[in-house]
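**Q** The structure file entry-v3.pdb (PDB, C-alpha atoms) is provided below.
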ATOM      1  CA  MET K   1       0.000   0.000   0.000
ATOM      2  CA  THR K   2       1.325   3.439  -0.990
ATOM      3  CA  ARG K   3       2.027   5.676   1.990
ATOM      4  CA  GLN K   4       1.039   9.342   1.993
ATOM      5  CA  LYS K   5       3.738  12.007   2.044
ATOM      6  CA  ILE K   6       3.747  13.808   5.386
ATOM      7  CA  LEU K   7       6.544  16.268   4.546
ATOM      8  CA  GLN K   8       7.776  17.872   1.335
ATOM      9  CA  VAL K   9      10.853  20.101   1.304
ATOM     10  CA  GLU K  10      11.207  21.912  -2.019
ATOM     11  CA  ASN K  11      14.282  23.865  -3.183
ATOM     12  CA  LEU K  12      15.126  25.034   0.333
ATOM     13  CA  SER K  13      17.982  27.562   0.553
ATOM     14  CA  ILE K  14      19.092  29.085   3.860
ATOM     15  CA  ASP K  15      21.796  31.650   4.662
ATOM     16  CA  TYR K  16      23.291  32.807   7.948
ATOM     17  CA  VAL K  17      24.057  36.526   8.140
ATOM     18  CA  VAL K  18      27.235  37.064  10.189
ATOM     19  CA  LEU K  19      29.656  39.977  10.668
ATOM     20  CA  ASP K  20      32.079  38.662   8.034
ATOM     21  CA  GLY K  21      29.424  38.110   5.375
ATOM     22  CA  ILE K  22      26.840  35.525   4.396
ATOM     23  CA  ILE K  23      27.221  31.800   5.083
ATOM     24  CA  LYS K  24      25.400  29.799   2.423
ATOM     25  CA  ALA K  25      24.422  26.937   4.713
ATOM     26  CA  VAL K  26      21.741  25.152   2.644
ATOM     27  CA  ARG K  27      21.169  25.324  -1.110
ATOM     28  CA  ASN K  28      18.326  23.920  -3.188
ATOM     29  CA  VAL K  29      17.530  20.987  -0.888
ATOM     30  CA  SER K  30      14.487  18.901  -1.841
ATOM     31  CA  PHE K  31      13.210  15.654  -0.311
ATOM     32  CA  THR K  32      10.078  14.034   1.096
ATOM     33  CA  ILE K  33       9.122  11.910   4.115
ATOM     34  CA  ASP K  34       6.238   9.443   4.054
ATOM     35  CA  GLU K  35       3.856   8.613   6.890
ATOM     36  CA  GLY K  36       5.596   6.247   9.325
ATOM     37  CA  GLU K  37       8.965   6.494   7.538
ATOM     38  CA  VAL K  38      12.411   7.119   9.012
ATOM     39  CA  VAL K  39      14.600   9.290   6.781
ATOM     40  CA  CYS K  40      18.220   9.909   7.774
ATOM     41  CA  LEU K  41      20.165  13.053   6.876
ATOM     42  CA  VAL K  42      23.852  12.100   6.893
ATOM     43  CA  GLY K  43      26.944  14.247   6.496
ATOM     44  CA  GLU K  44      29.969  15.637   8.285
ATOM     45  CA  SER K  45      29.932  18.865  10.301
ATOM     46  CA  GLY K  46      29.015  21.845   8.145
ATOM     47  CA  SER K  47      26.908  19.848   5.707
ATOM     48  CA  GLY K  48      23.732  21.757   6.606
ATOM     49  CA  LYS K  49      21.753  18.822   7.982
ATOM     50  CA  THR K  50      20.966  20.431  11.358
ATOM     51  CA  THR K  51      19.976  23.693   9.655
ATOM     52  CA  VAL K  52      17.443  21.770   7.559
ATOM     53  CA  GLY K  53      16.023  20.170  10.718
ATOM     54  CA  LEU K  54      15.780  23.517  12.515
ATOM     55  CA  ALA K  55      14.007  25.070   9.529
ATOM     56  CA  ILE K  56      11.392  22.307   9.482
ATOM     57  CA  ALA K  57      10.851  22.679  13.241
ATOM     58  CA  GLY K  58      10.624  26.465  12.992
ATOM     59  CA  ALA K  59      13.603  26.854  15.317
ATOM     60  CA  LEU K  60      16.176  28.664  13.180
ATOM     61  CA  PRO K  61      18.245  31.345  14.953
ATOM     62  CA  GLU K  62      17.507  35.011  14.286
ATOM     63  CA  ASN K  63      20.438  35.472  11.886
ATOM     64  CA  ALA K  64      19.138  32.732   9.561
ATOM     65  CA  VAL K  65      17.376  33.785   6.377
ATOM     66  CA  ILE K  66      15.335  31.395   4.233
ATOM     67  CA  ARG K  67      16.133  32.677   0.745
ATOM     68  CA  GLU K  68      13.735  30.431  -1.116
ATOM     69  CA  GLY K  69      11.867  27.152  -0.972
ATOM     70  CA  LYS K  70       8.846  25.507   0.589
ATOM     71  CA  ILE K  71       8.272  23.277   3.613
ATOM     72  CA  ILE K  72       4.931  21.553   3.146
ATOM     73  CA  PHE K  73       3.744  19.525   6.139
ATOM     74  CA  ARG K  74       0.501  17.581   5.797
ATOM     75  CA  GLY K  75      -0.535  19.768   2.869
ATOM     76  CA  ARG K  76       0.203  23.103   4.596
ATOM     77  CA  ASP K  77       3.034  25.427   3.609
ATOM     78  CA  PHE K  78       4.675  25.916   6.994
ATOM     79  CA  LEU K  79       6.816  28.864   5.904
ATOM     80  CA  SER K  80       3.743  30.975   5.213
ATOM     81  CA  ASN K  81       1.294  29.500   7.756
ATOM     82  CA  ARG K  82       3.461  28.738  10.806
ATOM     83  CA  LEU K  83       2.977  32.120  12.478
ATOM     84  CA  LYS K  84      -0.782  31.901  12.022
ATOM     85  CA  ASP K  85      -1.237  28.409  13.467
ATOM     86  CA  LYS K  86       1.525  26.036  14.481
ATOM     87  CA  SER K  87       0.005  23.924  17.247
ATOM     88  CA  THR K  88      -3.078  22.211  15.894
ATOM     89  CA  SER K  89      -3.580  18.637  17.068
ATOM     90  CA  GLU K  90      -3.029  17.346  13.536
ATOM     91  CA  ASP K  91       0.108  19.288  12.653
ATOM     92  CA  ARG K  92       2.731  18.944  15.361
ATOM     93  CA  ILE K  93       6.461  18.660  14.839
ATOM     94  CA  MET K  94       8.880  18.061  17.725
ATOM     95  CA  ILE K  95      12.671  18.160  17.739
ATOM     96  CA  ILE K  96      15.093  16.224  19.976
ATOM     97  CA  PHE K  97      18.579  17.697  20.381
ATOM     98  CA  GLN K  98      21.797  15.769  20.960
ATOM     99  CA  ASP K  99      22.515  17.124  24.448
ATOM    100  CA  PRO K 100      19.642  16.337  26.856
ATOM    101  CA  VAL K 101      21.461  18.105  29.710
ATOM    102  CA  ALA K 102      21.295  21.403  27.822
ATOM    103  CA  THR K 103      17.666  20.759  26.847
ATOM    104  CA  LEU K 104      16.268  20.335  30.360
ATOM    105  CA  ASN K 105      16.127  23.176  32.878
ATOM    106  CA  PRO K 106      18.171  22.023  35.916
ATOM    107  CA  LEU K 107      16.017  24.070  38.300
ATOM    108  CA  PHE K 108      12.876  22.000  37.686
ATOM    109  CA  ARG K 109      12.052  18.360  38.334
ATOM    110  CA  VAL K 110      11.325  16.149  35.335
ATOM    111  CA  GLY K 111       7.680  15.905  36.339
ATOM    112  CA  GLU K 112       7.298  19.691  36.357
ATOM    113  CA  ILE K 113       8.852  20.001  32.885
ATOM    114  CA  ILE K 114       6.772  17.329  31.173
ATOM    115  CA  SER K 115       3.599  18.393  33.015
ATOM    116  CA  ASP K 116       4.012  21.962  31.774
ATOM    117  CA  VAL K 117       4.310  20.711  28.174
ATOM    118  CA  ILE K 118       1.215  18.516  28.527
ATOM    119  CA  LYS K 119      -0.787  21.337  30.102
ATOM    120  CA  HIS K 120       0.137  23.791  27.352
ATOM    121  CA  HIS K 121      -0.217  21.565  24.287
ATOM    122  CA  LEU K 122      -2.924  19.097  25.285
ATOM    123  CA  LYS K 123      -4.965  21.724  27.152
ATOM    124  CA  ILE K 124      -5.369  19.490  30.227
ATOM    125  CA  THR K 125      -5.899  21.382  33.481
ATOM    126  CA  ASN K 126      -6.643  18.649  36.040
ATOM    127  CA  PRO K 127      -3.378  18.034  38.013
ATOM    128  CA  GLY K 128      -4.162  14.347  38.547
ATOM    129  CA  GLU K 129      -4.829  13.776  34.855
ATOM    130  CA  ILE K 130      -1.672  15.684  33.900
ATOM    131  CA  ARG K 131       0.416  13.520  36.249
ATOM    132  CA  GLU K 132      -1.166  10.350  34.897
ATOM    133  CA  LYS K 133      -0.408  11.417  31.307
ATOM    134  CA  ALA K 134       3.177  12.314  32.211
ATOM    135  CA  LEU K 135       3.811   8.917  33.816
ATOM    136  CA  GLU K 136       2.225   7.238  30.796
ATOM    137  CA  PHE K 137       4.771   8.858  28.468
ATOM    138  CA  LEU K 138       7.684   8.110  30.802
ATOM    139  CA  LYS K 139       6.610   4.461  30.775
ATOM    140  CA  ALA K 140       6.290   4.548  26.962
ATOM    141  CA  VAL K 141      10.009   5.277  26.625
ATOM    142  CA  GLU K 142      10.797   2.290  28.856
ATOM    143  CA  LEU K 143      12.224   4.243  31.792
ATOM    144  CA  PRO K 144      12.694   2.124  34.929
ATOM    145  CA  ASP K 145      10.765   3.430  37.944
ATOM    146  CA  PRO K 146       8.872   6.307  36.195
ATOM    147  CA  GLU K 147       7.668   7.607  39.578
ATOM    148  CA  ARG K 148      11.245   8.229  40.733
ATOM    149  CA  VAL K 149      12.173   9.823  37.403
ATOM    150  CA  PHE K 150       9.079  12.054  37.597
ATOM    151  CA  ASN K 151      10.269  13.412  40.966
ATOM    152  CA  SER K 152      13.947  13.717  40.021
ATOM    153  CA  TYR K 153      15.992  16.723  38.940
ATOM    154  CA  PRO K 154      17.920  16.299  35.632
ATOM    155  CA  HIS K 155      21.293  16.070  37.422
ATOM    156  CA  GLU K 156      20.056  13.006  39.331
ATOM    157  CA  LEU K 157      19.641  10.974  36.137
ATOM    158  CA  SER K 158      22.127   9.350  33.751
ATOM    159  CA  GLY K 159      22.673  10.517  30.164
ATOM    160  CA  GLY K 160      20.666   7.639  28.725
ATOM    161  CA  MET K 161      17.765   8.284  31.104
ATOM    162  CA  LEU K 162      17.813  11.998  30.273
ATOM    163  CA  GLN K 163      17.605  11.261  26.559
ATOM    164  CA  ARG K 164      14.602   9.015  27.204
ATOM    165  CA  VAL K 165      13.020  11.834  29.224
ATOM    166  CA  VAL K 166      13.526  14.229  26.302
ATOM    167  CA  ILE K 167      11.927  11.716  23.940
ATOM    168  CA  ALA K 168       9.011  11.299  26.369
ATOM    169  CA  ILE K 169       8.519  15.070  26.413
ATOM    170  CA  ALA K 170       8.565  15.121  22.611
ATOM    171  CA  LEU K 171       5.974  12.341  22.427
ATOM    172  CA  SER K 172       3.737  14.049  24.986
ATOM    173  CA  ILE K 173       2.424  16.478  22.364
ATOM    174  CA  ASN K 174       1.504  13.599  20.013
ATOM    175  CA  PRO K 175       3.755  14.762  17.130
ATOM    176  CA  ARG K 176       3.231  13.522  13.585
ATOM    177  CA  LEU K 177       6.899  14.189  12.771
ATOM    178  CA  LEU K 178       9.831  13.732  15.161
ATOM    179  CA  ILE K 179      13.156  15.370  14.283
ATOM    180  CA  ALA K 180      16.038  13.668  16.097
ATOM    181  CA  ASP K 181      19.241  15.718  15.808
ATOM    182  CA  GLU K 182      22.140  13.389  16.652
ATOM    183  CA  PRO K 183      20.316  12.033  19.743
ATOM    184  CA  THR K 184      22.905   9.286  20.373
ATOM    185  CA  THR K 185      26.146  11.229  19.842
ATOM    186  CA  MET K 186      26.817  11.902  23.532
ATOM    187  CA  LEU K 187      25.994   8.364  24.676
ATOM    188  CA  ASP K 188      28.174   5.269  24.869
ATOM    189  CA  VAL K 189      27.698   2.459  22.351
ATOM    190  CA  THR K 190      25.379   0.391  24.550
ATOM    191  CA  LEU K 191      23.087   3.328  25.286
ATOM    192  CA  GLN K 192      23.157   4.346  21.611
ATOM    193  CA  ALA K 193      21.783   0.946  20.663
ATOM    194  CA  GLN K 194      19.061   1.204  23.313
ATOM    195  CA  ILE K 195      17.922   4.643  22.109
ATOM    196  CA  LEU K 196      17.875   3.482  18.478
ATOM    197  CA  ASP K 197      15.810   0.422  19.418
ATOM    198  CA  LEU K 198      13.459   2.677  21.374
ATOM    199  CA  LEU K 199      12.908   5.011  18.404
ATOM    200  CA  ILE K 200      12.305   2.064  16.074
ATOM    201  CA  ASN K 201       9.752   0.579  18.487
ATOM    202  CA  LEU K 202       8.004   3.937  18.912
ATOM    203  CA  LYS K 203       7.762   4.310  15.149
ATOM    204  CA  LYS K 204       6.110   0.898  14.906
ATOM    205  CA  LYS K 205       3.738   1.487  17.825
ATOM    206  CA  LEU K 206       2.753   5.107  17.185
ATOM    207  CA  GLY K 207       3.290   5.421  13.434
ATOM    208  CA  VAL K 208       5.277   8.632  13.917
ATOM    209  CA  SER K 209       7.529   9.736  11.048
ATOM    210  CA  ILE K 210      11.155  10.494  11.954
ATOM    211  CA  LEU K 211      13.809  12.726  10.415
ATOM    212  CA  PHE K 212      17.017  11.373  11.950
ATOM    213  CA  ILE K 213      20.089  13.619  11.650
ATOM    214  CA  THR K 214      23.494  11.992  12.088
ATOM    215  CA  HIS K 215      27.114  12.024  10.897
ATOM    216  CA  ASN K 216      27.296   8.234  11.339
ATOM    217  CA  LEU K 217      26.327   6.081   8.363
ATOM    218  CA  GLY K 218      26.367   2.997  10.578
ATOM    219  CA  VAL K 219      23.671   4.498  12.807
ATOM    220  CA  ALA K 220      21.702   5.614   9.739
ATOM    221  CA  ALA K 221      21.828   2.090   8.336
ATOM    222  CA  GLU K 222      20.370   0.680  11.544
ATOM    223  CA  ILE K 223      17.405   3.001  11.871
ATOM    224  CA  GLY K 224      16.744   4.543   8.447
ATOM    225  CA  ASP K 225      14.321   3.419   5.759
ATOM    226  CA  ARG K 226      15.958   5.931   3.445
ATOM    227  CA  ILE K 227      19.285   7.804   3.626
ATOM    228  CA  ILE K 228      20.050  11.275   2.256
ATOM    229  CA  VAL K 229      23.735  12.222   2.054
ATOM    230  CA  MET K 230      24.504  15.953   2.350
ATOM    231  CA  TYR K 231      27.719  17.877   1.774
ATOM    232  CA  GLY K 232      28.276  21.619   1.926
ATOM    233  CA  GLY K 233      24.574  22.413   2.141
ATOM    234  CA  GLU K 234      23.563  20.245  -0.832
ATOM    235  CA  ILE K 235      22.169  16.756  -1.339
ATOM    236  CA  PHE K 236      24.712  14.504  -3.044
ATOM    237  CA  GLU K 237      22.871  11.182  -2.938
ATOM    238  CA  GLU K 238      19.577   9.646  -1.803
ATOM    239  CA  ALA K 239      18.366   6.047  -1.837
ATOM    240  CA  ARG K 240      16.775   3.323   0.232
ATOM    241  CA  SER K 241      19.163   2.379   3.032
ATOM    242  CA  GLU K 242      20.129  -1.057   1.748
ATOM    243  CA  GLU K 243      20.566   0.236  -1.807
ATOM    244  CA  LEU K 244      22.807   3.102  -0.717
ATOM    245  CA  LEU K 245      24.987   0.917   1.504
ATOM    246  CA  TYR K 246      25.520  -1.825  -1.079
ATOM    247  CA  ASN K 247      25.584   0.373  -4.177
ATOM    248  CA  PRO K 248      26.901   3.844  -3.260
ATOM    249  CA  LEU K 249      27.282   6.009  -6.361
ATOM    250  CA  HIS K 250      28.798   9.314  -5.262
ATOM    251  CA  PRO K 251      32.536   9.374  -4.412
ATOM    252  CA  TYR K 252      31.692  11.221  -1.183
ATOM    253  CA  THR K 253      29.268   8.497  -0.081
ATOM    254  CA  ARG K 254      31.840   5.836  -0.888
ATOM    255  CA  GLY K 255      34.413   7.801   1.114
ATOM    256  CA  LEU K 256      32.109   7.950   4.140
ATOM    257  CA  LEU K 257      31.550   4.198   3.980
ATOM    258  CA  GLU K 258      35.274   3.511   3.720
ATOM    259  CA  CYS K 259      35.824   5.529   6.902
ATOM    260  CA  ILE K 260      33.722   3.069   8.924
ATOM    261  CA  PRO K 261      36.103   0.621  10.680
ATOM    262  CA  LYS K 262      35.643  -3.065   9.817
ATOM    263  CA  THR K 263      35.882  -5.439  12.772
ATOM    264  CA  HIS K 264      37.674  -8.132  10.736
ATOM    265  CA  ILE K 265      40.448  -5.797   9.542
ATOM    266  CA  LYS K 266      43.422  -4.667  11.633
ATOM    267  CA  TYR K 267      44.258  -1.008  10.995
ATOM    268  CA  SER K 268      47.470   0.870  11.651
ATOM    269  CA  LYS K 269      45.574   4.058  10.866
ATOM    270  CA  LEU K 270      41.854   4.665  10.335
ATOM    271  CA  LYS K 271      40.815   5.905   6.892
ATOM    272  CA  SER K 272      39.570   9.447   6.368
ATOM    273  CA  ILE K 273      38.526  11.690   3.501
ATOM    274  CA  PRO K 274      41.503  14.012   2.835
ATOM    275  CA  GLY K 275      41.057  17.769   2.831
ATOM    276  CA  MET K 276      38.560  20.096   4.486
ATOM    277  CA  ILE K 277      35.098  21.338   3.612
ATOM    278  CA  PHE K 278      35.157  24.463   1.422
ATOM    279  CA  ASP K 279      34.493  28.027   2.596
ATOM    280  CA  LEU K 280      30.696  28.239   2.893
ATOM    281  CA  MET K 281      30.863  31.983   2.193
ATOM    282  CA  ASN K 282      32.514  31.360  -1.182
ATOM    283  CA  PRO K 283      31.337  28.008  -2.584
ATOM    284  CA  PRO K 284      33.066  26.683  -5.732
ATOM    285  CA  LYS K 285      31.477  27.336  -9.104
ATOM    286  CA  GLY K 286      31.110  23.654  -9.927
ATOM    287  CA  CYS K 287      30.936  20.610  -7.659
ATOM    288  CA  THR K 288      31.639  21.566  -4.058
ATOM    289  CA  PHE K 289      33.484  18.275  -3.443
ATOM    290  CA  VAL K 290      35.896  18.735  -6.343
ATOM    291  CA  ASP K 291      39.043  19.490  -4.304
ATOM    292  CA  ARG K 292      38.615  16.355  -2.180
ATOM    293  CA  CYS K 293      37.412  13.978  -4.886
ATOM    294  CA  THR K 294      39.725  11.315  -6.299
ATOM    295  CA  GLU K 295      37.592  11.034  -9.466
ATOM    296  CA  ALA K 296      37.245  14.747 -10.281
ATOM    297  CA  MET K 297      37.149  15.784 -13.954
ATOM    298  CA  GLU K 298      37.554  19.188 -15.609
ATOM    299  CA  ILE K 299      33.789  19.607 -15.902
ATOM    300  CA  CYS K 300      33.488  19.226 -12.130
ATOM    301  CA  ARG K 301      35.280  22.559 -11.561
ATOM    302  CA  ASN K 302      33.087  24.574 -13.886
ATOM    303  CA  VAL K 303      29.618  23.000 -13.949
ATOM    304  CA  LYS K 304      27.481  22.153 -10.927
ATOM    305  CA  PRO K 305      26.102  18.587 -11.214
ATOM    306  CA  GLN K 306      22.328  18.231 -11.004
ATOM    307  CA  LEU K 307      20.592  15.808  -8.654
ATOM    308  CA  VAL K 308      19.070  13.182 -10.959
ATOM    309  CA  GLU K 309      17.403   9.804 -10.543
ATOM    310  CA  PHE K 310      20.130   7.628 -12.053
ATOM    311  CA  LEU K 311      18.581   4.357 -10.821
ATOM    312  CA  LYS K 312      15.035   3.687  -9.637
ATOM    313  CA  ASP K 313      14.500   5.621  -6.377
ATOM    314  CA  HIS K 314      18.234   6.393  -6.300
ATOM    315  CA  ARG K 315      19.225  10.033  -6.861
ATOM    316  CA  VAL K 316      22.791  11.279  -7.234
ATOM    317  CA  ALA K 317      24.476  14.619  -8.041
ATOM    318  CA  CYS K 318      27.716  13.732  -9.830
ATOM    319  CA  HIS K 319      29.090  14.210 -13.356
ATOM    320  CA  LEU K 320      30.088  10.530 -13.385
ATOM    321  CA  TYR K 321      26.396   9.803 -13.953
ATOM    322  CA  ARG K 322      25.433  12.408 -16.537
ATOM    323  CA  LEU K 323      22.148  11.403 -18.145
ATOM    324  CA  GLU K 324      23.325  12.051 -21.709
ATOM    325  CA  GLU K 325      25.934   9.306 -21.293
ATOM    326  CA  ARG K 326      23.515   6.620 -20.122
TER
END
Could I get this file's structure written as structure tokens?
**A**
Amino acid sequence: MTRQKILQVENLSIDYVVLDGIIKAVRNVSFTIDEGEVVCLVGESGSGKTTVGLAIAGALPENAVIREGKIIFRGRDFLSNRLKDKSTSEDRIMIIFQDPVATLNPLFRVGEIISDVIKHHLKITNPGEIREKALEFLKAVELPDPERVFNSYPHELSGGMLQRVVIAIALSINPRLLIADEPTTMLDVTLQAQILDLLINLKKKLGVSILFITHNLGVAAEIGDRIIVMYGGEIFEEARSEELLYNPLHPYTRGLLECIPKTHIKYSKLKSIPGMIFDLMNPPKGCTFVDRCTEAMEICRNVKPQLVEFLKDHRVACHLYRLEER
């Protein structure tokens, strides 16, 4: 059965205005997310993936300027309608940040924080009902002893428990789309696996769609139905997770995969992609990866490659796959 599209991002371009000039953080980004789908945005620092997530959530900083594009959520253009109405029961988006310690106010107990969110968004005023709802969401994220967590201050809980609390708070407004911005980065490997399993289970139980932002292709492979690879504010490749992992087309995607250590190989030095990301204030005329690419051609320096569907449901922006040569 064909799933309905819950989110459509069309030709999104975002700049940051700073003292030294204009940072061109995101350029002409387009993708969709279906109902109940997990889409992963993958790329190294500076790729623009977090900026895209903040734009969708309506949480961009004041110096950010959306130059062009559309963000259509459940049929509504959020860029034009968000200020008019952003909290209807049908159209809720919630974002989870990577540092739960910075997200939660240390002066309030967990129960006070989640109760305030429930009271504001679900319009519940009865204290007993609010408490019951709060404990229900704390149980939903598989926290041991929800009563104790409810009465605890953030500093009394571990990192993994805090991240579960943040997820519980996000779920308490019944979101249709959950944006998870590197939610496992600050956790150890065991806790990372637990949080990923939790998000997968919540997707199955609640049918919530997830935009998962990460720099780790291994994490993306575990949780994502589809993976979008970004570099320098642009989409370089997009495909179903299994297809992208077993048949990566773009040299950048292949480089990212080669950087993942293999357990059966002994390394004297871990692999990396040589070079640094370009100056986002002065992007190259052609392909932005040209100075780091081992397969660069003359055309790459002068002509920007277009994002095309080279294989079925597999898009790539690279001159190695020019349509006229197919």
**Q** Apply the PyMOL selection byres ((chain K and resi 303) around 9) to the file shown and report the selected residues as an NGL selection string.
**A** :K and (285-287 or 298-302 or 304-305 or 319)
**Q** What is the CA of Gly36 (chain K)-CA of Ile130 (chain K) distance in Å, reported with one decimal?
**A**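 Here the two named atoms are 27.3 Å from each other.
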**Q** If you apply the PyMOL selection byres ((chain K and resi 64) around 9) to this file, what residues do you get, as a list in words?
**A**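 This file, filtered by the PyMOL selection byres ((chain K and resi 64) around 9), leaves Ile14, Asp15, Tyr16, Val17, Leu60, Pro61, Glu62, Asn63, Val65 and Ile66 of chain K.
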**Q** List as an MDAnalysis selection string the protein and nucleic acid residues near Ala25 (chain K), meaning an atom at most 10 Å away when only C-alpha atoms are counted, but skip any in the same chain fewer than 3 places from it.
**A** chainID K and resid 13:16 22 46:52 64:65 232:234 280:281
**Q** How many Å separate CA of Val141 (chain K) from CA of Ala168 (chain K)?
**A**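 Here the two named atoms are 6.1 Å from each other.
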**Q** Select, from K:Tyr231, K:Leu157, K:Leu7, K:Ile56, the residue with the minimum atom-to-atom distance to Asp145 (chain K), counting all atoms listed in the file.
**A**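 Looking only at the distances to Asp145 (chain K), the closest residue turns out to be K:Leu157.
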**Q** When you look at Met94 (chain K) with a cut-off of 8 Å (counting only C-alpha atoms), what residues show up, excluding the ones that are within fewer than 2 positions of it in the same chain? I need them as a list in words.
**A**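 The contact residues come out as Ala57, Arg92, Ile96, Ala170, Leu171, Pro175, Leu177, Leu178 and Ile179 of chain K.
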**Q** Given the file shown, determine the residues that the PyMOL selection byres ((chain K and resi 307-318) around 12) selects; report them as number ranges by chain.
**A** K: 11, 28-31, 226-231, 234-245, 247-253, 286-290, 293, 295-297, 299-301, 303-306, 319-326
**Q** Counting all atoms listed in the file, which residue out of K:Asp116, K:Glu10, K:Glu142, K:Asp197 sits closest to Leu79 (chain K)?
**A**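 Nearest to Leu79 (chain K): K:Glu10.
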**Q** Could you check how far CA of Val208 (chain K) sits from CA of Ile223 (chain K), in Å to one decimal?
**A**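 Taking CA of Val208 (chain K) as the start and CA of Ile223 (chain K) as the end point, the length is 13.5 Å.
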**Q** Padding of 3 Å on every side, edges along x, y and z, all listed atoms of region 268-277 of chain K included: what centre and edge lengths in Å, to one decimal, does that box have, as AutoDock Vina command-line options?
**A**
--center_x 41.3 --center_y 11.1 --center_z 7.2 --size_x 18.4 --size_y 26.5 --size_z 14.8
**Q** Using only C-alpha atoms, which of the listed residues (K:Thr190, K:Ser115, K:Asn216, K:Thr185) sits closest to Ile260 (chain K)?
**A** K:Asn216
**Q** Using only C-alpha atoms, which residue out of K:Ile195, K:Ile173, K:Cys40, K:Ile72 lies closest to Leu12 (chain K)?
**A**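 So, comparing all the options, the nearest one is K:Ile72.
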**Q** Would you please work out which residue, of K:Leu162, K:Leu135, K:Val9, K:Ala140, is nearest to Arg76 (chain K) when using all atoms listed in the file?
**A**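 Smallest distance to Arg76 (chain K) is found for K:Val9.
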**Q** Can you list every residue of region 171-281 of chain K that has an atom at most 8 Å from region 97-113 of chain K, with its nearest atom pair and the distance in Å to one decimal, using all atoms listed in the file, ordered by chain then number, as a tab-separated table?
**A**
residue	atom	partner	partner_atom	distance
K:Ala180	CA	K:Phe97	CA	6.4
K:Asp181	CA	K:Phe97	CA	5.0
K:Glu182	CA	K:Gln98	CA	4.9
K:Pro183	CA	K:Gln98	CA	4.2
K:Thr184	CA	K:Gln98	CA	6.6
K:Thr185	CA	K:Gln98	CA	6.4
K:Met186	CA	K:Asp99	CA	6.8
**Q** Selection from above, C-alpha atoms, as a PDB file, keeping the file's coordinate frame, can you write it?
**A**
ATOM      1  CA  ALA K 180      16.038  13.668  16.097  1.00  0.00           C
ATOM      2  CA  ASP K 181      19.241  15.718  15.808  1.00  0.00           C
ATOM      3  CA  GLU K 182      22.140  13.389  16.652  1.00  0.00           C
ATOM      4  CA  PRO K 183      20.316  12.033  19.743  1.00  0.00           C
ATOM      5  CA  THR K 184      22.905   9.286  20.373  1.00  0.00           C
ATOM      6  CA  THR K 185      26.146  11.229  19.842  1.00  0.00           C
ATOM      7  CA  MET K 186      26.817  11.902  23.532  1.00  0.00           C
TER       8      MET K 186
END
**Q** Nearest to Gly53 (chain K): which of K:Arg67, K:Ala220, K:Cys259, K:Ile93 is it, counting all atoms listed in the file?
**A**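 Result for the nearest residue to Gly53 (chain K): K:Ile93.
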**Q** Show which residues sit within 9 Å of Arg3 (chain K), as a ChimeraX atom specification. Count all atoms listed in the file, and ignore same-chain residues fewer than 5 positions away.
**A** /K:34-37
**Q** List as an MDAnalysis selection string the protein and nucleic acid residues near region 136-139 of chain K, meaning an atom at most 8 Å away when all atoms listed in the file are counted, but skip any in the same chain fewer than 5 places from it.
**A** chainID K and resid 144 146 150 164:165 168:169 171:172
**Q** Suppose we keep C-alpha atoms; can you now write the selection as an mmCIF file, keeping the file's coordinate frame?
**A**
data_model
loop_
_atom_site.group_PDB
_atom_site.id
_atom_site.type_symbol
_atom_site.label_atom_id
_atom_site.label_comp_id
_atom_site.auth_asym_id
_atom_site.auth_seq_id
_atom_site.Cartn_x
_atom_site.Cartn_y
_atom_site.Cartn_z
ATOM 1 C CA PRO K 144 12.694 2.124 34.929
ATOM 2 C CA PRO K 146 8.872 6.307 36.195
ATOM 3 C CA PHE K 150 9.079 12.054 37.597
ATOM 4 C CA ARG K 164 14.602 9.015 27.204
ATOM 5 C CA VAL K 165 13.020 11.834 29.224
ATOM 6 C CA ALA K 168 9.011 11.299 26.369
ATOM 7 C CA ILE K 169 8.519 15.070 26.413
ATOM 8 C CA LEU K 171 5.974 12.341 22.427
ATOM 9 C CA SER K 172 3.737 14.049 24.986
#
